[in-house]
>>> print(open('entry_37.pdb').read())   # PDB, C-alpha atoms
ATOM      1  CA  MET A  32      28.832 -50.475  22.048
ATOM      2  CA  LEU A  33      28.927 -53.117  19.318
ATOM      3  CA  GLN A  34      29.364 -56.589  20.784
ATOM      4  CA  TYR A  35      31.405 -59.425  19.354
ATOM      5  CA  ASP A  36      31.604 -63.087  20.322
ATOM      6  CA  THR A  37      35.135 -64.468  20.766
ATOM      7  CA  SER A  38      33.972 -67.943  21.790
ATOM      8  CA  SER A  39      33.872 -71.027  19.541
ATOM      9  CA  ASN A  40      31.990 -70.716  16.273
ATOM     10  CA  THR A  41      28.408 -71.898  16.771
ATOM     11  CA  GLU A  42      26.822 -70.043  13.888
ATOM     12  CA  THR A  43      24.199 -71.842  11.821
ATOM     13  CA  PRO A  44      24.386 -71.716   7.989
ATOM     14  CA  THR A  45      21.580 -69.114   8.022
ATOM     15  CA  MET A  46      23.454 -66.923  10.499
ATOM     16  CA  MET A  47      26.634 -67.199   8.427
ATOM     17  CA  SER A  48      24.711 -66.277   5.280
ATOM     18  CA  ASN A  49      23.155 -63.257   6.996
ATOM     19  CA  SER A  50      26.545 -62.195   8.312
ATOM     20  CA  LEU A  51      28.104 -62.377   4.845
ATOM     21  CA  LEU A  52      25.240 -60.373   3.376
ATOM     22  CA  LEU A  53      25.568 -57.683   6.029
ATOM     23  CA  THR A  54      29.331 -57.545   5.507
ATOM     24  CA  SER A  55      28.811 -57.103   1.754
ATOM     25  CA  GLN A  56      26.239 -54.352   2.284
ATOM     26  CA  LEU A  57      28.479 -52.631   4.809
ATOM     27  CA  SER A  58      31.447 -52.710   2.426
ATOM     28  CA  ALA A  59      29.353 -51.209  -0.379
ATOM     29  CA  ALA A  60      28.110 -48.410   1.880
ATOM     30  CA  PHE A  61      31.637 -47.587   3.023
ATOM     31  CA  LEU A  62      32.763 -47.438  -0.624
ATOM     32  CA  ASN A  63      30.105 -44.776  -1.147
ATOM     33  CA  ALA A  64      31.361 -42.968   1.932
ATOM     34  CA  LEU A  65      34.900 -43.061   0.559
ATOM     35  CA  ALA A  66      33.735 -41.489  -2.700
ATOM     36  CA  LEU A  67      32.165 -38.591  -0.777
ATOM     37  CA  LEU A  68      35.198 -38.061   1.445
ATOM     38  CA  GLU A  69      38.218 -38.788  -0.728
ATOM     39  CA  THR A  70      40.376 -35.864  -1.860
ATOM     40  CA  SER A  71      42.094 -35.896  -5.225
ATOM     41  CA  SER A  72      45.616 -34.476  -5.271
ATOM     42  CA  LYS A  73      44.626 -32.445  -8.326
ATOM     43  CA  THR A  74      41.730 -30.654  -6.636
ATOM     44  CA  THR A  75      42.854 -29.663  -3.182
ATOM     45  CA  SER A  76      43.330 -25.904  -3.563
ATOM     46  CA  SER A  77      40.875 -23.635  -1.773
ATOM     47  CA  GLN A  78      40.221 -21.897  -5.104
ATOM     48  CA  ASN A  79      38.807 -25.139  -6.498
ATOM     49  CA  ILE A  80      36.774 -26.384  -3.540
ATOM     50  CA  GLU A  81      33.606 -26.471  -5.662
ATOM     51  CA  GLY A  82      35.366 -28.689  -8.189
ATOM     52  CA  THR A  83      36.651 -30.987  -5.467
ATOM     53  CA  LEU A  84      33.216 -31.454  -3.919
ATOM     54  CA  LYS A  85      31.529 -31.859  -7.277
ATOM     55  CA  ASN A  86      34.042 -34.517  -8.352
ATOM     56  CA  ARG A  87      33.333 -36.421  -5.145
ATOM     57  CA  LEU A  88      29.599 -36.292  -5.783
ATOM     58  CA  VAL A  89      30.102 -37.432  -9.394
ATOM     59  CA  ALA A  90      32.130 -40.430  -8.170
ATOM     60  CA  TYR A  91      29.490 -41.155  -5.533
ATOM     61  CA  TYR A  92      26.568 -41.044  -7.988
ATOM     62  CA  ASN A  93      28.504 -43.110 -10.543
ATOM     63  CA  GLN A  94      29.028 -45.777  -7.894
ATOM     64  CA  ARG A  95      25.294 -45.797  -7.253
ATOM     65  CA  ASN A  96      24.512 -45.589 -10.982
ATOM     66  CA  ASP A  97      22.187 -42.659 -10.297
ATOM     67  CA  GLN A  98      21.907 -40.854 -13.626
ATOM     68  CA  ASN A  99      19.105 -38.541 -12.486
ATOM     69  CA  ALA A 100      21.244 -37.268  -9.623
ATOM     70  CA  LEU A 101      24.157 -36.690 -12.002
ATOM     71  CA  GLN A 102      21.941 -34.589 -14.267
ATOM     72  CA  THR A 103      20.706 -32.545 -11.304
ATOM     73  CA  LEU A 104      24.257 -32.083 -10.034
ATOM     74  CA  ASP A 105      25.352 -30.747 -13.427
ATOM     75  CA  LYS A 106      22.990 -27.790 -12.973
ATOM     76  CA  ILE A 107      24.377 -26.831  -9.542
ATOM     77  CA  THR A 108      27.057 -24.152  -9.602
ATOM     78  CA  SER A 109      27.224 -22.475  -6.175
ATOM     79  CA  ARG A 110      29.515 -23.750  -3.446
ATOM     80  CA  GLU A 111      26.748 -23.467  -0.845
ATOM     81  CA  GLU A 112      24.404 -25.735  -2.815
ATOM     82  CA  ILE A 113      27.160 -28.296  -3.418
ATOM     83  CA  GLU A 114      28.078 -28.328   0.265
ATOM     84  CA  LEU A 115      24.429 -28.744   1.280
ATOM     85  CA  LEU A 116      24.013 -31.610  -1.180
ATOM     86  CA  THR A 117      27.175 -33.235   0.180
ATOM     87  CA  GLY A 118      25.805 -32.960   3.714
ATOM     88  CA  ARG A 119      22.511 -34.529   2.650
ATOM     89  CA  GLU A 120      24.243 -37.405   0.875
ATOM     90  CA  ALA A 121      26.499 -37.937   3.897
ATOM     91  CA  LEU A 122      23.338 -38.428   5.963
ATOM     92  CA  SER A 123      21.967 -40.800   3.332
ATOM     93  CA  VAL A 124      25.081 -42.976   3.647
ATOM     94  CA  LEU A 125      24.829 -42.847   7.442
ATOM     95  CA  GLN A 126      21.215 -44.036   7.266
ATOM     96  CA  ARG A 127      22.243 -47.023   5.156
ATOM     97  CA  LEU A 128      25.143 -47.844   7.463
ATOM     98  CA  GLN A 129      22.963 -47.488  10.550
ATOM     99  CA  LYS A 130      20.346 -49.834   9.124
ATOM    100  CA  ILE A 131      22.990 -52.489   8.466
ATOM    101  CA  MET A 132      24.810 -52.056  11.777
ATOM    102  CA  ASP A 133      21.606 -51.956  13.803
ATOM    103  CA  VAL A 134      20.408 -55.214  12.251
ATOM    104  CA  GLN A 135      23.795 -56.739  12.979
ATOM    105  CA  TYR A 136      23.464 -55.819  16.645
ATOM    106  CA  ASP A 137      19.837 -56.893  17.028
ATOM    107  CA  GLU A 138      20.200 -60.254  15.312
ATOM    108  CA  SER A 139      23.487 -61.014  17.081
ATOM    109  CA  THR A 140      25.212 -61.912  13.830
ATOM    110  CA  GLN A 141      28.472 -62.066  15.698
ATOM    111  CA  GLY A 142      31.990 -62.631  14.442
ATOM    112  CA  SER A 143      35.025 -60.541  13.640
ATOM    113  CA  PRO A 144      34.567 -56.790  14.094
ATOM    114  CA  LEU A 145      33.303 -55.229  10.865
ATOM    115  CA  ILE A 146      34.260 -51.651  11.728
ATOM    116  CA  SER A 147      37.930 -50.722  11.450
ATOM    117  CA  THR A 148      39.571 -47.642  12.925
ATOM    118  CA  LYS A 149      39.561 -46.026   9.480
ATOM    119  CA  ASP A 150      35.879 -46.821   9.058
ATOM    120  CA  LEU A 151      35.136 -45.264  12.445
ATOM    121  CA  ALA A 152      36.910 -42.094  11.314
ATOM    122  CA  LYS A 153      34.710 -42.048   8.196
ATOM    123  CA  LEU A 154      31.589 -42.227  10.364
ATOM    124  CA  GLY A 155      32.786 -39.210  12.338
ATOM    125  CA  THR A 156      33.503 -37.242   9.167
ATOM    126  CA  LEU A 157      30.140 -38.104   7.626
ATOM    127  CA  LEU A 158      28.388 -36.873  10.762
ATOM    128  CA  SER A 159      30.464 -33.683  10.775
ATOM    129  CA  LEU A 160      29.474 -32.972   7.155
ATOM    130  CA  THR A 161      25.822 -33.699   7.920
ATOM    131  CA  PHE A 162      25.730 -31.262  10.823
ATOM    132  CA  LYS A 163      28.023 -28.542   9.430
ATOM    133  CA  TRP A 164      26.741 -28.351   5.858
ATOM    134  CA  GLY A 165      23.231 -29.623   6.484
ATOM    135  CA  ILE A 166      21.757 -28.969   9.917
ATOM    136  CA  GLU A 167      23.862 -25.990  10.998
ATOM    137  CA  ARG A 168      23.596 -24.152   7.685
ATOM    138  CA  LEU A 169      19.845 -24.613   7.309
ATOM    139  CA  TYR A 170      19.210 -23.798  10.967
ATOM    140  CA  THR A 171      21.177 -20.546  10.669
ATOM    141  CA  GLN A 172      19.427 -19.552   7.449
ATOM    142  CA  VAL A 173      15.979 -20.237   8.846
ATOM    143  CA  VAL A 174      16.519 -18.552  12.223
ATOM    144  CA  GLN A 175      18.074 -15.447  10.676
ATOM    145  CA  SER A 176      15.362 -15.074   8.056
ATOM    146  CA  GLY A 177      12.593 -12.523   8.310
ATOM    147  CA  SER A 178      10.031 -15.338   8.162
ATOM    148  CA  PHE A 179      11.280 -16.773  11.434
ATOM    149  CA  ARG A 180      10.626 -13.544  13.287
ATOM    150  CA  GLU A 181       7.351 -11.917  14.269
ATOM    151  CA  LYS A 182       4.738 -11.808  11.507
ATOM    152  CA  SER A 183       4.336  -8.070  11.985
ATOM    153  CA  ARG A 184       7.915  -7.450  10.887
ATOM    154  CA  PRO A 185       8.560  -6.870   7.190
ATOM    155  CA  VAL A 186       9.840  -9.895   5.285
ATOM    156  CA  THR A 187      12.839  -9.036   3.129
ATOM    157  CA  VAL A 188      13.630 -12.521   1.821
ATOM    158  CA  ASP A 189      12.013 -14.951  -0.590
ATOM    159  CA  THR A 190       9.622 -16.812   1.680
ATOM    160  CA  SER A 191       9.447 -19.797  -0.666
ATOM    161  CA  VAL A 192      13.185 -20.336  -0.182
ATOM    162  CA  ILE A 193      12.860 -20.148   3.602
ATOM    163  CA  ASP A 194       9.857 -22.480   3.554
ATOM    164  CA  TYR A 195      11.931 -24.987   1.568
ATOM    165  CA  ASP A 196      14.865 -24.636   3.985
ATOM    166  CA  TYR A 197      12.523 -25.065   6.937
ATOM    167  CA  HIS A 198      11.018 -28.306   5.633
ATOM    168  CA  LEU A 199      14.415 -29.638   4.597
ATOM    169  CA  LEU A 200      15.789 -28.839   8.054
ATOM    170  CA  SER A 201      12.817 -30.619   9.603
ATOM    171  CA  ASP A 202      13.449 -33.693   7.441
ATOM    172  CA  LEU A 203      17.163 -33.819   8.289
ATOM    173  CA  VAL A 204      16.539 -33.393  12.025
ATOM    174  CA  SER A 205      13.882 -36.103  11.924
ATOM    175  CA  SER A 206      16.262 -38.491  10.156
ATOM    176  CA  LEU A 207      18.998 -37.879  12.719
ATOM    177  CA  LEU A 208      16.642 -38.372  15.645
ATOM    178  CA  LEU A 209      15.607 -41.714  14.181
ATOM    179  CA  LEU A 210      19.251 -42.755  13.958
ATOM    180  CA  VAL A 211      19.308 -42.526  17.753
ATOM    181  CA  PHE A 212      15.761 -43.752  18.396
ATOM    182  CA  PRO A 213      14.889 -46.059  15.459
ATOM    183  CA  GLU A 214      11.573 -47.114  17.024
ATOM    184  CA  GLY A 215      10.421 -43.643  18.016
ATOM    185  CA  ALA A 216      10.907 -41.342  20.989
ATOM    186  CA  GLN A 217       9.769 -43.959  23.512
ATOM    187  CA  GLY A 218      11.630 -46.843  21.895
ATOM    188  CA  ARG A 219      15.094 -48.258  22.360
ATOM    189  CA  ILE A 220      18.322 -46.353  21.781
ATOM    190  CA  SER A 221      20.246 -47.809  18.861
ATOM    191  CA  GLN A 222      23.475 -49.509  19.957
ATOM    192  CA  THR A 223      25.834 -48.582  17.122
ATOM    193  CA  LEU A 224      28.964 -46.513  16.731
ATOM    194  CA  ILE A 225      26.958 -43.925  14.797
ATOM    195  CA  THR A 226      24.628 -43.437  17.749
ATOM    196  CA  THR A 227      27.563 -43.348  20.156
ATOM    197  CA  THR A 228      29.216 -40.583  18.129
ATOM    198  CA  ILE A 229      26.033 -38.517  17.917
ATOM    199  CA  LEU A 230      25.464 -38.732  21.675
ATOM    200  CA  ALA A 231      29.117 -38.018  22.460
ATOM    201  CA  LYS A 232      29.757 -35.131  20.056
ATOM    202  CA  HIS A 233      26.572 -33.778  18.491
ATOM    203  CA  VAL A 234      23.782 -33.713  21.077
ATOM    204  CA  THR A 235      23.740 -29.902  21.248
ATOM    205  CA  ASP A 236      23.857 -29.688  17.434
ATOM    206  CA  LEU A 237      20.765 -31.893  17.322
ATOM    207  CA  VAL A 238      18.834 -30.521  20.295
ATOM    208  CA  LEU A 239      18.973 -26.822  19.327
ATOM    209  CA  PRO A 240      17.184 -27.114  15.958
ATOM    210  CA  SER A 241      14.809 -29.695  17.455
ATOM    211  CA  ILE A 242      13.787 -27.171  20.108
ATOM    212  CA  ALA A 243      13.534 -24.340  17.573
ATOM    213  CA  LEU A 244      11.133 -26.306  15.385
ATOM    214  CA  GLY A 245       9.392 -28.203  18.172
ATOM    215  CA  TRP A 246       8.587 -25.100  20.206
ATOM    216  CA  LEU A 247       8.169 -22.590  17.398
ATOM    217  CA  PRO A 248       6.335 -19.520  18.794
ATOM    218  CA  VAL A 249       2.745 -18.995  17.740
ATOM    219  CA  ASN A 250       3.550 -15.557  16.308
ATOM    220  CA  VAL A 251       6.084 -17.172  13.962
ATOM    221  CA  SER A 252       4.489 -20.449  12.883
ATOM    222  CA  THR A 253       2.465 -20.561   9.669
ATOM    223  CA  SER A 254       0.860 -23.250   7.534
ATOM    224  CA  SER A 255       4.086 -23.490   5.563
ATOM    225  CA  MET A 256       6.282 -23.336   8.693
ATOM    226  CA  PRO A 257       4.329 -25.364  11.266
ATOM    227  CA  VAL A 258       5.407 -26.318  14.754
ATOM    228  CA  VAL A 259       6.937 -29.815  14.623
ATOM    229  CA  HIS A 260       5.296 -31.216  17.751
ATOM    230  CA  ALA A 261       6.750 -34.655  17.039
ATOM    231  CA  PHE A 262      10.216 -33.393  18.033
ATOM    232  CA  ARG A 263       9.202 -32.632  21.628
ATOM    233  CA  PRO A 264       9.331 -36.169  23.089
ATOM    234  CA  PHE A 265      12.662 -36.749  21.346
ATOM    235  CA  VAL A 266      14.122 -33.608  22.936
ATOM    236  CA  THR A 267      12.817 -34.618  26.354
ATOM    237  CA  ARG A 268      14.391 -38.047  25.958
ATOM    238  CA  LEU A 269      17.725 -36.610  24.801
ATOM    239  CA  LEU A 270      17.869 -34.135  27.679
ATOM    240  CA  GLY A 271      17.036 -36.982  30.048
ATOM    241  CA  LEU A 272      20.167 -38.783  28.917
TER
END
>>> encode(input="entry_37.pdb", output="structure tokens")
Amino acid sequence: MLQYDTSSNTETPTMMSNSLLLTSQLSAAFLNALALLETSSKTTSSQNIEGTLKNRLVAYYNQRNDQNALQTLDKITSREEIELLTGREALSVLQRLQKIMDVQYDESTQGSPLISTKDLAKLGTLLSLTFKWGIERLYTQVVQSGSFREKSRPVTVDTSVIDYDYHLLSDLVSSLLLLVFPEGAQGRISQTLITTTILAKHVTDLVLPSIALGWLPVNVSTSSMPVVHAFRPFVTRLLGL
């Protein structure tokens, strides 16, 4: 869906400067993506999956010079938490890439294609991590929790944990919906390879939690787990596609 101009070069100095800046930003974002996705030959065994993922996150945060994140990461020990954090950071990289690529499309800063086949594969993997370790995991935990069922049923889980998962799930779903519709539910559809991949491979993964939170039954919703009415027009638009 990205468009490139193969005609003679008619770019102004300002357009060339913008194009170089976008290319630099895109390269930096893909370096972050590589840090999250790269596998070291020394940490590939299934017995050391936590170490592998943690090493990737350390490399990623070092690239971004984020000392606070490194300190927080040092306190995380469970595989589930590390996977969830990886999924969240994968989405963070996707948001940065989408912002750059969407500007490129809108401003028609045309030239040689900036996305290689390998880069396209990275986008697909980042989305897979976001949905598998972020959306899917949180959605399953929330739906299967006692808090998500009728209020009259006994709650056998820590409700504060479920409340946190619910709000985090809501935030992740909202971020993904805005990748597709950057100007809101009634606005344009973003014309990037990230959007194309979401619509081609992950619509169901996105629609199901959007429906669950957007049409949360009255006997389940609470002040800490409210119905997310804002998701409804997005779902209608997605189903209309």
>>> resolve_selection(input="entry_37.pdb", expression="the PyMOL selection byres ((chain A and resi 160) around 10)", output="PDB file with C-alpha atoms, in the coordinates of the input")
ATOM      1  CA  LEU A  68      35.198 -38.061   1.445  1.00  0.00           C
ATOM      2  CA  GLU A 114      28.078 -28.328   0.265  1.00  0.00           C
ATOM      3  CA  LEU A 115      24.429 -28.744   1.280  1.00  0.00           C
ATOM      4  CA  THR A 117      27.175 -33.235   0.180  1.00  0.00           C
ATOM      5  CA  GLY A 118      25.805 -32.960   3.714  1.00  0.00           C
ATOM      6  CA  ARG A 119      22.511 -34.529   2.650  1.00  0.00           C
ATOM      7  CA  GLU A 120      24.243 -37.405   0.875  1.00  0.00           C
ATOM      8  CA  ALA A 121      26.499 -37.937   3.897  1.00  0.00           C
ATOM      9  CA  LEU A 122      23.338 -38.428   5.963  1.00  0.00           C
ATOM     10  CA  GLY A 155      32.786 -39.210  12.338  1.00  0.00           C
ATOM     11  CA  THR A 156      33.503 -37.242   9.167  1.00  0.00           C
ATOM     12  CA  LEU A 157      30.140 -38.104   7.626  1.00  0.00           C
ATOM     13  CA  LEU A 158      28.388 -36.873  10.762  1.00  0.00           C
ATOM     14  CA  SER A 159      30.464 -33.683  10.775  1.00  0.00           C
ATOM     15  CA  THR A 161      25.822 -33.699   7.920  1.00  0.00           C
ATOM     16  CA  PHE A 162      25.730 -31.262  10.823  1.00  0.00           C
ATOM     17  CA  LYS A 163      28.023 -28.542   9.430  1.00  0.00           C
ATOM     18  CA  TRP A 164      26.741 -28.351   5.858  1.00  0.00           C
ATOM     19  CA  GLY A 165      23.231 -29.623   6.484  1.00  0.00           C
ATOM     20  CA  ILE A 166      21.757 -28.969   9.917  1.00  0.00           C
ATOM     21  CA  GLU A 167      23.862 -25.990  10.998  1.00  0.00           C
TER      22      GLU A 167
END
>>> closest_residue(input="entry_37.pdb", among="A:Trp246, A:Phe61, A:Tyr195, A:Phe265", to="Glu214 in chain A", atoms="only C-alpha atoms")
A:Phe265
>>> residues_around(input="entry_37.pdb", residues="range 217-228 of chain A", least_positions_apart="3", cutoff="7 Å", atoms="all atoms listed in the file", output="list of chain:residue names")
A:Met32, A:Leu33, A:Gln129, A:Met132, A:Asp133, A:Leu154, A:Gly155, A:Leu210, A:Val211, A:Phe212, A:Pro213, A:Glu214, A:Ala231, A:Lys232
>>> residues_around(input="entry_37.pdb", residues="Ser241 in chain A", least_positions_apart="4", cutoff="12 Å", atoms="all atoms listed in the file", output="PyMOL selection string")
chain A and resi 166-167+170+197+200-208+234-237+245-247+258-270
>>> closest_residue(input="entry_37.pdb", among="A:Leu62, A:Leu125, A:Gln172, A:Leu84", to="Ile229 in chain A", atoms="all atoms listed in the file")
A:Leu125
>>> atom_distance(input="entry_37.pdb", atom1="CA of Ser255 in chain A", atom2="CA of Val238 in chain A")
22.0 Å
>>> atom_distance(input="entry_37.pdb", atom1="CA of Ala66 in chain A", atom2="CA of Leu51 in chain A")
22.9 Å
>>> closest_residue(input="entry_37.pdb", among="A:Ile113, A:Ala100, A:Leu244, A:Leu199", to="Ile80 in chain A", atoms="only C-alpha atoms")
A:Ile113
>>> atom_distance(input="entry_37.pdb", atom1="CA of Asn99 in chain A", atom2="CA of Leu209 in chain A")
27.1 Å
>>> residues_near_point(input="entry_37.pdb", point="(21.9, -57.5, 8.3)", cutoff="7 Å", atoms="all atoms listed in the file", output="number ranges by chain")
A: 49-50, 52-53, 131, 134-135
>>> write_last_selection(input="entry_37.pdb", atoms="C-alpha atoms", output="PDB file, in the frame of the given file")
ATOM      1  CA  ASN A  49      23.155 -63.257   6.996  1.00  0.00           C
ATOM      2  CA  SER A  50      26.545 -62.195   8.312  1.00  0.00           C
ATOM      3  CA  LEU A  52      25.240 -60.373   3.376  1.00  0.00           C
ATOM      4  CA  LEU A  53      25.568 -57.683   6.029  1.00  0.00           C
ATOM      5  CA  ILE A 131      22.990 -52.489   8.466  1.00  0.00           C
ATOM      6  CA  VAL A 134      20.408 -55.214  12.251  1.00  0.00           C
ATOM      7  CA  GLN A 135      23.795 -56.739  12.979  1.00  0.00           C
TER       8      GLN A 135
END
>>> closest_residue(input="entry_37.pdb", among="A:Ser58, A:Asn79, A:Leu151, A:Leu88", to="Gln102 in chain A", atoms="all atoms listed in the file")
A:Leu88
>>> closest_residue(input="entry_37.pdb", among="A:Lys153, A:Lys85, A:Lys106, A:Arg95", to="Leu65 in chain A", atoms="only C-alpha atoms")
A:Lys153
>>> closest_residue(input="entry_37.pdb", among="A:Gly82, A:Ser254, A:Ile146, A:Asn96", to="Leu128 in chain A", atoms="all atoms listed in the file")
A:Ile146
